[in-house]
>>> print(open('input_32.cif').read())   # mmCIF, N, CA and C atoms
data_my_file
loop_
_atom_site.label_atom_id
_atom_site.label_comp_id
_atom_site.auth_asym_id
_atom_site.auth_seq_id
_atom_site.Cartn_x
_atom_site.Cartn_y
_atom_site.Cartn_z
N MET C 7 7.57 18.35 31.95
CA MET C 7 6.57 17.57 31.28
C MET C 7 7.18 16.93 30.04
N SER C 8 6.92 15.65 29.85
CA SER C 8 7.48 14.98 28.67
C SER C 8 6.50 15.03 27.51
N ASN C 9 7.04 15.02 26.34
CA ASN C 9 6.23 15.06 25.12
C ASN C 9 5.87 13.62 24.76
N SER C 10 4.57 13.31 24.68
CA SER C 10 4.15 11.95 24.38
C SER C 10 4.08 11.67 22.88
N GLN C 11 4.31 12.68 22.06
CA GLN C 11 4.29 12.50 20.61
C GLN C 11 5.59 11.80 20.18
N PRO C 12 5.48 10.79 19.31
CA PRO C 12 6.71 10.16 18.81
C PRO C 12 7.47 11.14 17.93
N ARG C 13 8.79 11.08 18.02
CA ARG C 13 9.62 11.95 17.20
C ARG C 13 9.68 11.39 15.79
N LYS C 14 9.57 12.27 14.80
CA LYS C 14 9.66 11.85 13.42
C LYS C 14 11.12 11.62 13.06
N GLN C 15 11.38 10.49 12.44
CA GLN C 15 12.72 10.14 12.03
C GLN C 15 12.79 10.13 10.52
N LYS C 16 13.79 10.75 9.96
CA LYS C 16 13.96 10.76 8.52
C LYS C 16 14.66 9.47 8.11
N VAL C 17 14.07 8.81 7.11
CA VAL C 17 14.64 7.57 6.60
C VAL C 17 14.89 7.74 5.11
N ASN C 18 16.10 7.48 4.69
CA ASN C 18 16.42 7.53 3.27
C ASN C 18 16.08 6.19 2.64
N ILE C 19 15.19 6.22 1.66
CA ILE C 19 14.75 5.02 0.97
C ILE C 19 15.44 4.94 -0.38
N GLU C 20 16.05 3.80 -0.65
CA GLU C 20 16.73 3.59 -1.93
C GLU C 20 15.90 2.66 -2.80
N VAL C 21 15.63 3.08 -4.02
CA VAL C 21 14.93 2.24 -4.99
C VAL C 21 15.98 1.72 -5.97
N PRO C 22 16.24 0.41 -5.96
CA PRO C 22 17.26 -0.13 -6.87
C PRO C 22 16.90 0.13 -8.33
N ALA C 23 17.90 0.45 -9.14
CA ALA C 23 17.66 0.75 -10.55
C ALA C 23 17.04 -0.42 -11.29
N GLU C 24 17.35 -1.64 -10.86
CA GLU C 24 16.83 -2.83 -11.55
C GLU C 24 15.45 -3.27 -11.05
N LEU C 25 14.89 -2.55 -10.09
CA LEU C 25 13.57 -2.91 -9.57
C LEU C 25 12.52 -2.78 -10.66
N GLU C 26 11.78 -3.85 -10.87
CA GLU C 26 10.75 -3.85 -11.91
C GLU C 26 9.40 -3.51 -11.28
N ALA C 27 8.72 -2.52 -11.85
CA ALA C 27 7.40 -2.13 -11.36
C ALA C 27 6.38 -3.17 -11.77
N THR C 28 5.38 -3.38 -10.93
CA THR C 28 4.32 -4.35 -11.20
C THR C 28 2.99 -3.64 -11.13
N TYR C 29 2.18 -3.80 -12.19
CA TYR C 29 0.85 -3.21 -12.23
C TYR C 29 -0.14 -4.16 -11.58
N ALA C 30 -1.05 -3.62 -10.76
CA ALA C 30 -2.11 -4.42 -10.14
C ALA C 30 -3.40 -3.62 -10.20
N ASN C 31 -4.49 -4.31 -10.53
CA ASN C 31 -5.80 -3.66 -10.50
C ASN C 31 -6.78 -4.44 -9.63
N PHE C 32 -6.23 -5.32 -8.79
CA PHE C 32 -7.06 -6.13 -7.91
C PHE C 32 -6.24 -6.49 -6.68
N ALA C 33 -6.86 -6.44 -5.51
CA ALA C 33 -6.18 -6.81 -4.27
C ALA C 33 -7.11 -7.63 -3.39
N VAL C 34 -6.55 -8.61 -2.74
CA VAL C 34 -7.27 -9.42 -1.76
C VAL C 34 -6.58 -9.20 -0.42
N ILE C 35 -7.35 -8.83 0.59
CA ILE C 35 -6.78 -8.52 1.90
C ILE C 35 -7.32 -9.51 2.92
N THR C 36 -6.41 -10.17 3.64
CA THR C 36 -6.77 -11.09 4.71
C THR C 36 -5.95 -10.73 5.94
N HIS C 37 -6.29 -11.35 7.06
CA HIS C 37 -5.55 -11.03 8.29
C HIS C 37 -5.55 -12.21 9.26
N SER C 38 -4.57 -12.17 10.13
CA SER C 38 -4.48 -13.05 11.28
C SER C 38 -4.47 -12.12 12.50
N PRO C 39 -4.39 -12.64 13.69
CA PRO C 39 -4.34 -11.75 14.86
C PRO C 39 -3.13 -10.80 14.85
N SER C 40 -2.06 -11.17 14.17
CA SER C 40 -0.85 -10.36 14.23
C SER C 40 -0.37 -9.80 12.90
N GLU C 41 -1.04 -10.14 11.78
CA GLU C 41 -0.57 -9.69 10.48
C GLU C 41 -1.72 -9.34 9.55
N ILE C 42 -1.43 -8.43 8.63
CA ILE C 42 -2.33 -8.09 7.53
C ILE C 42 -1.62 -8.56 6.26
N ILE C 43 -2.31 -9.30 5.42
CA ILE C 43 -1.73 -9.82 4.18
C ILE C 43 -2.49 -9.21 3.01
N ILE C 44 -1.74 -8.60 2.08
CA ILE C 44 -2.35 -8.01 0.88
C ILE C 44 -1.73 -8.69 -0.34
N ASP C 45 -2.58 -9.35 -1.12
CA ASP C 45 -2.16 -9.97 -2.37
C ASP C 45 -2.59 -9.09 -3.52
N PHE C 46 -1.66 -8.75 -4.41
CA PHE C 46 -1.94 -7.90 -5.56
C PHE C 46 -1.93 -8.75 -6.83
N ALA C 47 -2.94 -8.51 -7.69
CA ALA C 47 -3.07 -9.28 -8.94
C ALA C 47 -3.52 -8.36 -10.06
N ARG C 48 -3.44 -8.88 -11.28
CA ARG C 48 -3.99 -8.21 -12.46
C ARG C 48 -5.14 -9.06 -12.95
N VAL C 49 -6.30 -8.43 -13.11
CA VAL C 49 -7.46 -9.11 -13.66
C VAL C 49 -7.73 -8.51 -15.04
N LEU C 50 -7.74 -9.36 -16.05
CA LEU C 50 -7.95 -8.91 -17.42
C LEU C 50 -9.36 -9.26 -17.89
N PRO C 51 -9.95 -8.43 -18.74
CA PRO C 51 -11.29 -8.72 -19.25
C PRO C 51 -11.33 -10.08 -19.95
N ASN C 52 -12.40 -10.80 -19.73
CA ASN C 52 -12.64 -12.11 -20.35
C ASN C 52 -11.60 -13.17 -20.00
N ALA C 53 -10.83 -12.95 -18.97
CA ALA C 53 -9.86 -13.95 -18.51
C ALA C 53 -10.43 -14.61 -17.26
N PRO C 54 -10.63 -15.91 -17.28
CA PRO C 54 -11.26 -16.58 -16.14
C PRO C 54 -10.34 -16.75 -14.94
N ARG C 55 -9.03 -16.53 -15.13
CA ARG C 55 -8.08 -16.72 -14.03
C ARG C 55 -7.16 -15.51 -13.92
N SER C 56 -6.60 -15.36 -12.74
CA SER C 56 -5.62 -14.32 -12.51
C SER C 56 -4.53 -14.88 -11.62
N LYS C 57 -3.40 -14.20 -11.57
CA LYS C 57 -2.26 -14.64 -10.78
C LYS C 57 -1.83 -13.53 -9.84
N VAL C 58 -1.52 -13.90 -8.61
CA VAL C 58 -0.97 -12.94 -7.66
C VAL C 58 0.46 -12.63 -8.07
N HIS C 59 0.79 -11.34 -8.18
CA HIS C 59 2.13 -10.92 -8.58
C HIS C 59 2.95 -10.38 -7.42
N ALA C 60 2.29 -10.03 -6.32
CA ALA C 60 3.02 -9.55 -5.15
C ALA C 60 2.19 -9.81 -3.90
N ARG C 61 2.85 -10.21 -2.84
CA ARG C 61 2.20 -10.41 -1.54
C ARG C 61 2.96 -9.57 -0.52
N ILE C 62 2.23 -8.71 0.17
CA ILE C 62 2.81 -7.87 1.21
C ILE C 62 2.24 -8.32 2.55
N ILE C 63 3.12 -8.62 3.48
CA ILE C 63 2.71 -9.01 4.83
C ILE C 63 3.22 -7.92 5.77
N THR C 64 2.31 -7.37 6.57
CA THR C 64 2.69 -6.26 7.45
C THR C 64 1.92 -6.36 8.77
N THR C 65 2.23 -5.49 9.69
CA THR C 65 1.55 -5.47 10.98
C THR C 65 0.25 -4.67 10.87
N PRO C 66 -0.71 -4.92 11.76
CA PRO C 66 -1.92 -4.11 11.76
C PRO C 66 -1.62 -2.61 11.95
N MET C 67 -0.65 -2.28 12.78
CA MET C 67 -0.31 -0.88 13.00
C MET C 67 0.21 -0.24 11.70
N HIS C 68 1.09 -0.93 11.00
CA HIS C 68 1.61 -0.38 9.75
C HIS C 68 0.52 -0.29 8.70
N ALA C 69 -0.40 -1.26 8.68
CA ALA C 69 -1.52 -1.23 7.73
C ALA C 69 -2.39 0.01 7.98
N LYS C 70 -2.59 0.35 9.23
CA LYS C 70 -3.39 1.54 9.55
C LYS C 70 -2.66 2.81 9.10
N LEU C 71 -1.36 2.86 9.30
CA LEU C 71 -0.58 4.01 8.82
C LEU C 71 -0.62 4.09 7.30
N LEU C 72 -0.57 2.94 6.63
CA LEU C 72 -0.67 2.91 5.17
C LEU C 72 -2.03 3.42 4.73
N LEU C 73 -3.09 3.01 5.41
CA LEU C 73 -4.44 3.48 5.10
C LEU C 73 -4.52 5.01 5.21
N GLN C 74 -3.94 5.57 6.26
CA GLN C 74 -3.94 7.01 6.45
C GLN C 74 -3.14 7.71 5.35
N ALA C 75 -2.00 7.13 4.97
CA ALA C 75 -1.17 7.73 3.92
C ALA C 75 -1.88 7.67 2.57
N LEU C 76 -2.55 6.56 2.27
CA LEU C 76 -3.31 6.45 1.02
C LEU C 76 -4.45 7.46 0.99
N SER C 77 -5.15 7.60 2.10
CA SER C 77 -6.26 8.56 2.18
C SER C 77 -5.76 9.98 1.95
N ASP C 78 -4.65 10.32 2.58
CA ASP C 78 -4.07 11.66 2.42
C ASP C 78 -3.66 11.90 0.97
N ASN C 79 -3.03 10.92 0.35
CA ASN C 79 -2.59 11.07 -1.03
C ASN C 79 -3.75 11.13 -2.00
N LEU C 80 -4.82 10.38 -1.76
CA LEU C 80 -5.99 10.45 -2.63
C LEU C 80 -6.68 11.81 -2.53
N LYS C 81 -6.70 12.39 -1.34
CA LYS C 81 -7.26 13.74 -1.19
C LYS C 81 -6.45 14.74 -2.00
N LYS C 82 -5.12 14.63 -1.94
CA LYS C 82 -4.25 15.52 -2.71
C LYS C 82 -4.44 15.30 -4.20
N TYR C 83 -4.57 14.04 -4.61
CA TYR C 83 -4.78 13.72 -6.02
C TYR C 83 -6.08 14.35 -6.52
N GLU C 84 -7.17 14.19 -5.75
CA GLU C 84 -8.45 14.75 -6.16
C GLU C 84 -8.45 16.27 -6.17
N ALA C 85 -7.68 16.88 -5.27
CA ALA C 85 -7.56 18.34 -5.27
C ALA C 85 -6.89 18.81 -6.55
N GLN C 86 -5.97 18.04 -7.07
CA GLN C 86 -5.23 18.42 -8.27
C GLN C 86 -5.95 18.01 -9.56
N PHE C 87 -6.55 16.81 -9.60
CA PHE C 87 -7.09 16.27 -10.83
C PHE C 87 -8.61 16.12 -10.86
N GLY C 88 -9.27 16.38 -9.74
CA GLY C 88 -10.72 16.21 -9.66
C GLY C 88 -11.10 14.89 -9.00
N GLU C 89 -12.36 14.83 -8.65
CA GLU C 89 -12.86 13.66 -7.92
C GLU C 89 -12.77 12.40 -8.77
N ILE C 90 -12.39 11.34 -8.14
CA ILE C 90 -12.31 10.04 -8.81
C ILE C 90 -13.71 9.47 -8.95
#
>>> encode(input="input_32.cif", output="structure tokens")
Amino acid sequence: MSNSQPRKQKVNIEVPAELEATYANFAVITHSPSEIIIDFARVLPNAPRSKVHARIITTPMHAKLLLQALSDNLKKYEAQFGEI
């Protein structure tokens, strides 16, 4: 009998030292039949305009995996720091 579960592969992720972090408190999510697009922005009080600082384009499958990972991490966060 074959195992239908995908095998987990370990991937080493490198974060470049010069990578600049970007703060976002607003996201706009759109989609096409084959892609999910997430635009991240900062919205400031009393500012009539905002600028997108990062755009992530991914597949629907990866977006669903990201949703599951975010949900799992938020549960862990709330277990440690209390309900948001």
>>> residues_around(input="input_32.cif", residues="stretch 28-36 of chain C", least_positions_apart="4", cutoff="12 Å", atoms="only C-alpha atoms", output="mmCIF file with N, CA and C atoms, keeping the file's coordinate frame")
data_model
loop_
_atom_site.group_PDB
_atom_site.id
_atom_site.type_symbol
_atom_site.label_atom_id
_atom_site.label_comp_id
_atom_site.auth_asym_id
_atom_site.auth_seq_id
_atom_site.Cartn_x
_atom_site.Cartn_y
_atom_site.Cartn_z
ATOM 1 N N SER C 40 -2.060 -11.170 14.170
ATOM 2 C CA SER C 40 -0.850 -10.360 14.230
ATOM 3 C C SER C 40 -0.370 -9.800 12.900
ATOM 4 N N GLU C 41 -1.040 -10.140 11.780
ATOM 5 C CA GLU C 41 -0.570 -9.690 10.480
ATOM 6 C C GLU C 41 -1.720 -9.340 9.550
ATOM 7 N N ILE C 42 -1.430 -8.430 8.630
ATOM 8 C CA ILE C 42 -2.330 -8.090 7.530
ATOM 9 C C ILE C 42 -1.620 -8.560 6.260
ATOM 10 N N ILE C 43 -2.310 -9.300 5.420
ATOM 11 C CA ILE C 43 -1.730 -9.820 4.180
ATOM 12 C C ILE C 43 -2.490 -9.210 3.010
ATOM 13 N N ILE C 44 -1.740 -8.600 2.080
ATOM 14 C CA ILE C 44 -2.350 -8.010 0.880
ATOM 15 C C ILE C 44 -1.730 -8.690 -0.340
ATOM 16 N N ASP C 45 -2.580 -9.350 -1.120
ATOM 17 C CA ASP C 45 -2.160 -9.970 -2.370
ATOM 18 C C ASP C 45 -2.590 -9.090 -3.520
ATOM 19 N N PHE C 46 -1.660 -8.750 -4.410
ATOM 20 C CA PHE C 46 -1.940 -7.900 -5.560
ATOM 21 C C PHE C 46 -1.930 -8.750 -6.830
ATOM 22 N N ALA C 47 -2.940 -8.510 -7.690
ATOM 23 C CA ALA C 47 -3.070 -9.280 -8.940
ATOM 24 C C ALA C 47 -3.520 -8.360 -10.060
ATOM 25 N N ARG C 48 -3.440 -8.880 -11.280
ATOM 26 C CA ARG C 48 -3.990 -8.210 -12.460
ATOM 27 C C ARG C 48 -5.140 -9.060 -12.950
ATOM 28 N N VAL C 49 -6.300 -8.430 -13.110
ATOM 29 C CA VAL C 49 -7.460 -9.110 -13.660
ATOM 30 C C VAL C 49 -7.730 -8.510 -15.040
ATOM 31 N N LEU C 50 -7.740 -9.360 -16.050
ATOM 32 C CA LEU C 50 -7.950 -8.910 -17.420
ATOM 33 C C LEU C 50 -9.360 -9.260 -17.890
ATOM 34 N N PRO C 51 -9.950 -8.430 -18.740
ATOM 35 C CA PRO C 51 -11.290 -8.720 -19.250
ATOM 36 C C PRO C 51 -11.330 -10.080 -19.950
ATOM 37 N N SER C 56 -6.600 -15.360 -12.740
ATOM 38 C CA SER C 56 -5.620 -14.320 -12.510
ATOM 39 C C SER C 56 -4.530 -14.880 -11.620
ATOM 40 N N LYS C 57 -3.400 -14.200 -11.570
ATOM 41 C CA LYS C 57 -2.260 -14.640 -10.780
ATOM 42 C C LYS C 57 -1.830 -13.530 -9.840
ATOM 43 N N VAL C 58 -1.520 -13.900 -8.610
ATOM 44 C CA VAL C 58 -0.970 -12.940 -7.660
ATOM 45 C C VAL C 58 0.460 -12.630 -8.070
ATOM 46 N N HIS C 59 0.790 -11.340 -8.180
ATOM 47 C CA HIS C 59 2.130 -10.920 -8.580
ATOM 48 C C HIS C 59 2.950 -10.380 -7.420
ATOM 49 N N ALA C 60 2.290 -10.030 -6.320
ATOM 50 C CA ALA C 60 3.020 -9.550 -5.150
ATOM 51 C C ALA C 60 2.190 -9.810 -3.900
ATOM 52 N N ARG C 61 2.850 -10.210 -2.840
ATOM 53 C CA ARG C 61 2.200 -10.410 -1.540
ATOM 54 C C ARG C 61 2.960 -9.570 -0.520
ATOM 55 N N ILE C 62 2.230 -8.710 0.170
ATOM 56 C CA ILE C 62 2.810 -7.870 1.210
ATOM 57 C C ILE C 62 2.240 -8.320 2.550
ATOM 58 N N ILE C 63 3.120 -8.620 3.480
ATOM 59 C CA ILE C 63 2.710 -9.010 4.830
ATOM 60 C C ILE C 63 3.220 -7.920 5.770
ATOM 61 N N THR C 64 2.310 -7.370 6.570
ATOM 62 C CA THR C 64 2.690 -6.260 7.450
ATOM 63 C C THR C 64 1.920 -6.360 8.770
ATOM 64 N N THR C 65 2.230 -5.490 9.690
ATOM 65 C CA THR C 65 1.550 -5.470 10.980
ATOM 66 C C THR C 65 0.250 -4.670 10.870
ATOM 67 N N PRO C 66 -0.710 -4.920 11.760
ATOM 68 C CA PRO C 66 -1.920 -4.110 11.760
ATOM 69 C C PRO C 66 -1.620 -2.610 11.950
ATOM 70 N N ALA C 69 -0.400 -1.260 8.680
ATOM 71 C CA ALA C 69 -1.520 -1.230 7.730
ATOM 72 C C ALA C 69 -2.390 0.010 7.980
#
>>> atom_distance(input="input_32.cif", atom1="atom CA of C:Ala85", atom2="atom C of C:Leu71")
20.2 Å
>>> atom_distance(input="input_32.cif", atom1="atom C of C:His68", atom2="atom N of C:Ser38")
13.0 Å
>>> atom_distance(input="input_32.cif", atom1="atom N of C:Glu89", atom2="atom N of C:Ser77")
14.8 Å
>>> axis_aligned_box(input="input_32.cif", around="stretch 8-27 of chain C", padding_each_side="3 Å", output="JSON")
{"center_x": 11.0, "center_y": 5.9, "center_z": 9.0, "size_x": 19.8, "size_y": 25.5, "size_z": 47.8}
>>> select_by_dssp(input="input_32.cif", residues="chain C", states="strand (DSSP E)", output="short mmCIF file (atom, residue, chain, number, x, y, z; two decimals) with N, CA and C atoms, in the frame of the given file")
data_model
loop_
_atom_site.label_atom_id
_atom_site.label_comp_id
_atom_site.auth_asym_id
_atom_site.auth_seq_id
_atom_site.Cartn_x
_atom_site.Cartn_y
_atom_site.Cartn_z
N PHE C 32 -6.23 -5.32 -8.79
CA PHE C 32 -7.06 -6.13 -7.91
C PHE C 32 -6.24 -6.49 -6.68
N ALA C 33 -6.86 -6.44 -5.51
CA ALA C 33 -6.18 -6.81 -4.27
C ALA C 33 -7.11 -7.63 -3.39
N VAL C 34 -6.55 -8.61 -2.74
CA VAL C 34 -7.27 -9.42 -1.76
C VAL C 34 -6.58 -9.20 -0.42
N ILE C 35 -7.35 -8.83 0.59
CA ILE C 35 -6.78 -8.52 1.90
C ILE C 35 -7.32 -9.51 2.92
N THR C 36 -6.41 -10.17 3.64
CA THR C 36 -6.77 -11.09 4.71
C THR C 36 -5.95 -10.73 5.94
N HIS C 37 -6.29 -11.35 7.06
CA HIS C 37 -5.55 -11.03 8.29
C HIS C 37 -5.55 -12.21 9.26
N ILE C 42 -1.43 -8.43 8.63
CA ILE C 42 -2.33 -8.09 7.53
C ILE C 42 -1.62 -8.56 6.26
N ILE C 43 -2.31 -9.30 5.42
CA ILE C 43 -1.73 -9.82 4.18
C ILE C 43 -2.49 -9.21 3.01
N ILE C 44 -1.74 -8.60 2.08
CA ILE C 44 -2.35 -8.01 0.88
C ILE C 44 -1.73 -8.69 -0.34
N ASP C 45 -2.58 -9.35 -1.12
CA ASP C 45 -2.16 -9.97 -2.37
C ASP C 45 -2.59 -9.09 -3.52
N PHE C 46 -1.66 -8.75 -4.41
CA PHE C 46 -1.94 -7.90 -5.56
C PHE C 46 -1.93 -8.75 -6.83
N ALA C 47 -2.94 -8.51 -7.69
CA ALA C 47 -3.07 -9.28 -8.94
C ALA C 47 -3.52 -8.36 -10.06
N ARG C 48 -3.44 -8.88 -11.28
CA ARG C 48 -3.99 -8.21 -12.46
C ARG C 48 -5.14 -9.06 -12.95
N LYS C 57 -3.40 -14.20 -11.57
CA LYS C 57 -2.26 -14.64 -10.78
C LYS C 57 -1.83 -13.53 -9.84
N VAL C 58 -1.52 -13.90 -8.61
CA VAL C 58 -0.97 -12.94 -7.66
C VAL C 58 0.46 -12.63 -8.07
N HIS C 59 0.79 -11.34 -8.18
CA HIS C 59 2.13 -10.92 -8.58
C HIS C 59 2.95 -10.38 -7.42
N ALA C 60 2.29 -10.03 -6.32
CA ALA C 60 3.02 -9.55 -5.15
C ALA C 60 2.19 -9.81 -3.90
N ARG C 61 2.85 -10.21 -2.84
CA ARG C 61 2.20 -10.41 -1.54
C ARG C 61 2.96 -9.57 -0.52
N ILE C 62 2.23 -8.71 0.17
CA ILE C 62 2.81 -7.87 1.21
C ILE C 62 2.24 -8.32 2.55
N ILE C 63 3.12 -8.62 3.48
CA ILE C 63 2.71 -9.01 4.83
C ILE C 63 3.22 -7.92 5.77
N THR C 64 2.31 -7.37 6.57
CA THR C 64 2.69 -6.26 7.45
C THR C 64 1.92 -6.36 8.77
#
>>> build_atoms(input="input_32.cif", residues="stretch 76-86 of chain C", atoms="all heavy atoms", output="compact mmCIF listing (two decimals), in the coordinates of the input")
# COMPACT_ATOMS: atom_id res chain seq x y z
N LEU C 76 -2.55 6.56 2.27
CA LEU C 76 -3.31 6.45 1.02
C LEU C 76 -4.45 7.46 0.99
O LEU C 76 -4.69 8.12 -0.03
CB LEU C 76 -3.87 5.03 0.86
CG LEU C 76 -2.89 3.97 0.40
CD1 LEU C 76 -3.51 2.59 0.53
CD2 LEU C 76 -2.47 4.23 -1.03
N SER C 77 -5.15 7.60 2.10
CA SER C 77 -6.26 8.56 2.18
C SER C 77 -5.76 9.98 1.95
O SER C 77 -6.35 10.74 1.18
CB SER C 77 -6.94 8.44 3.54
OG SER C 77 -7.97 9.39 3.66
N ASP C 78 -4.65 10.32 2.58
CA ASP C 78 -4.07 11.66 2.42
C ASP C 78 -3.66 11.90 0.97
O ASP C 78 -3.94 12.95 0.40
CB ASP C 78 -2.88 11.81 3.36
CG ASP C 78 -2.24 13.18 3.28
OD1 ASP C 78 -2.98 14.18 3.41
OD2 ASP C 78 -1.02 13.26 3.06
N ASN C 79 -3.03 10.92 0.35
CA ASN C 79 -2.59 11.07 -1.03
C ASN C 79 -3.75 11.13 -2.00
O ASN C 79 -3.71 11.87 -2.99
CB ASN C 79 -1.61 9.95 -1.41
CG ASN C 79 -0.19 10.29 -0.99
OD1 ASN C 79 0.54 10.87 -1.75
ND2 ASN C 79 0.15 9.96 0.24
N LEU C 80 -4.82 10.38 -1.76
CA LEU C 80 -5.99 10.45 -2.63
C LEU C 80 -6.68 11.81 -2.53
O LEU C 80 -7.16 12.34 -3.53
CB LEU C 80 -6.97 9.32 -2.32
CG LEU C 80 -6.55 7.96 -2.85
CD1 LEU C 80 -7.43 6.86 -2.28
CD2 LEU C 80 -6.59 7.93 -4.37
N LYS C 81 -6.70 12.39 -1.34
CA LYS C 81 -7.26 13.74 -1.19
C LYS C 81 -6.45 14.74 -2.00
O LYS C 81 -7.01 15.61 -2.68
CB LYS C 81 -7.29 14.14 0.29
CG LYS C 81 -8.37 13.44 1.08
CD LYS C 81 -8.29 13.81 2.55
CE LYS C 81 -9.25 12.94 3.35
NZ LYS C 81 -9.07 13.08 4.79
N LYS C 82 -5.12 14.63 -1.94
CA LYS C 82 -4.25 15.52 -2.71
C LYS C 82 -4.44 15.30 -4.20
O LYS C 82 -4.45 16.25 -4.98
CB LYS C 82 -2.79 15.30 -2.31
CG LYS C 82 -2.47 15.77 -0.91
CD LYS C 82 -1.04 15.43 -0.53
CE LYS C 82 -0.74 15.83 0.90
NZ LYS C 82 0.60 15.41 1.32
N TYR C 83 -4.57 14.04 -4.61
CA TYR C 83 -4.78 13.72 -6.02
C TYR C 83 -6.08 14.35 -6.52
O TYR C 83 -6.10 14.99 -7.57
CB TYR C 83 -4.84 12.20 -6.19
CG TYR C 83 -5.16 11.75 -7.61
CD1 TYR C 83 -4.15 11.47 -8.50
CD2 TYR C 83 -6.48 11.63 -8.04
CE1 TYR C 83 -4.43 11.08 -9.79
CE2 TYR C 83 -6.78 11.24 -9.33
CZ TYR C 83 -5.74 10.97 -10.20
OH TYR C 83 -6.04 10.58 -11.49
N GLU C 84 -7.17 14.19 -5.75
CA GLU C 84 -8.45 14.75 -6.16
C GLU C 84 -8.45 16.27 -6.17
O GLU C 84 -9.11 16.90 -6.99
CB GLU C 84 -9.57 14.20 -5.28
CG GLU C 84 -9.87 12.74 -5.58
CD GLU C 84 -11.03 12.18 -4.78
OE1 GLU C 84 -11.32 12.69 -3.67
OE2 GLU C 84 -11.67 11.23 -5.28
N ALA C 85 -7.68 16.88 -5.27
CA ALA C 85 -7.56 18.34 -5.27
C ALA C 85 -6.89 18.81 -6.55
O ALA C 85 -7.22 19.88 -7.08
CB ALA C 85 -6.79 18.81 -4.04
N GLN C 86 -5.97 18.04 -7.07
CA GLN C 86 -5.23 18.42 -8.27
C GLN C 86 -5.95 18.01 -9.56
O GLN C 86 -5.99 18.78 -10.52
CB GLN C 86 -3.84 17.78 -8.25
CG GLN C 86 -2.97 18.21 -9.42
CD GLN C 86 -1.54 17.67 -9.29
OE1 GLN C 86 -1.18 17.06 -8.31
NE2 GLN C 86 -0.75 17.93 -10.31
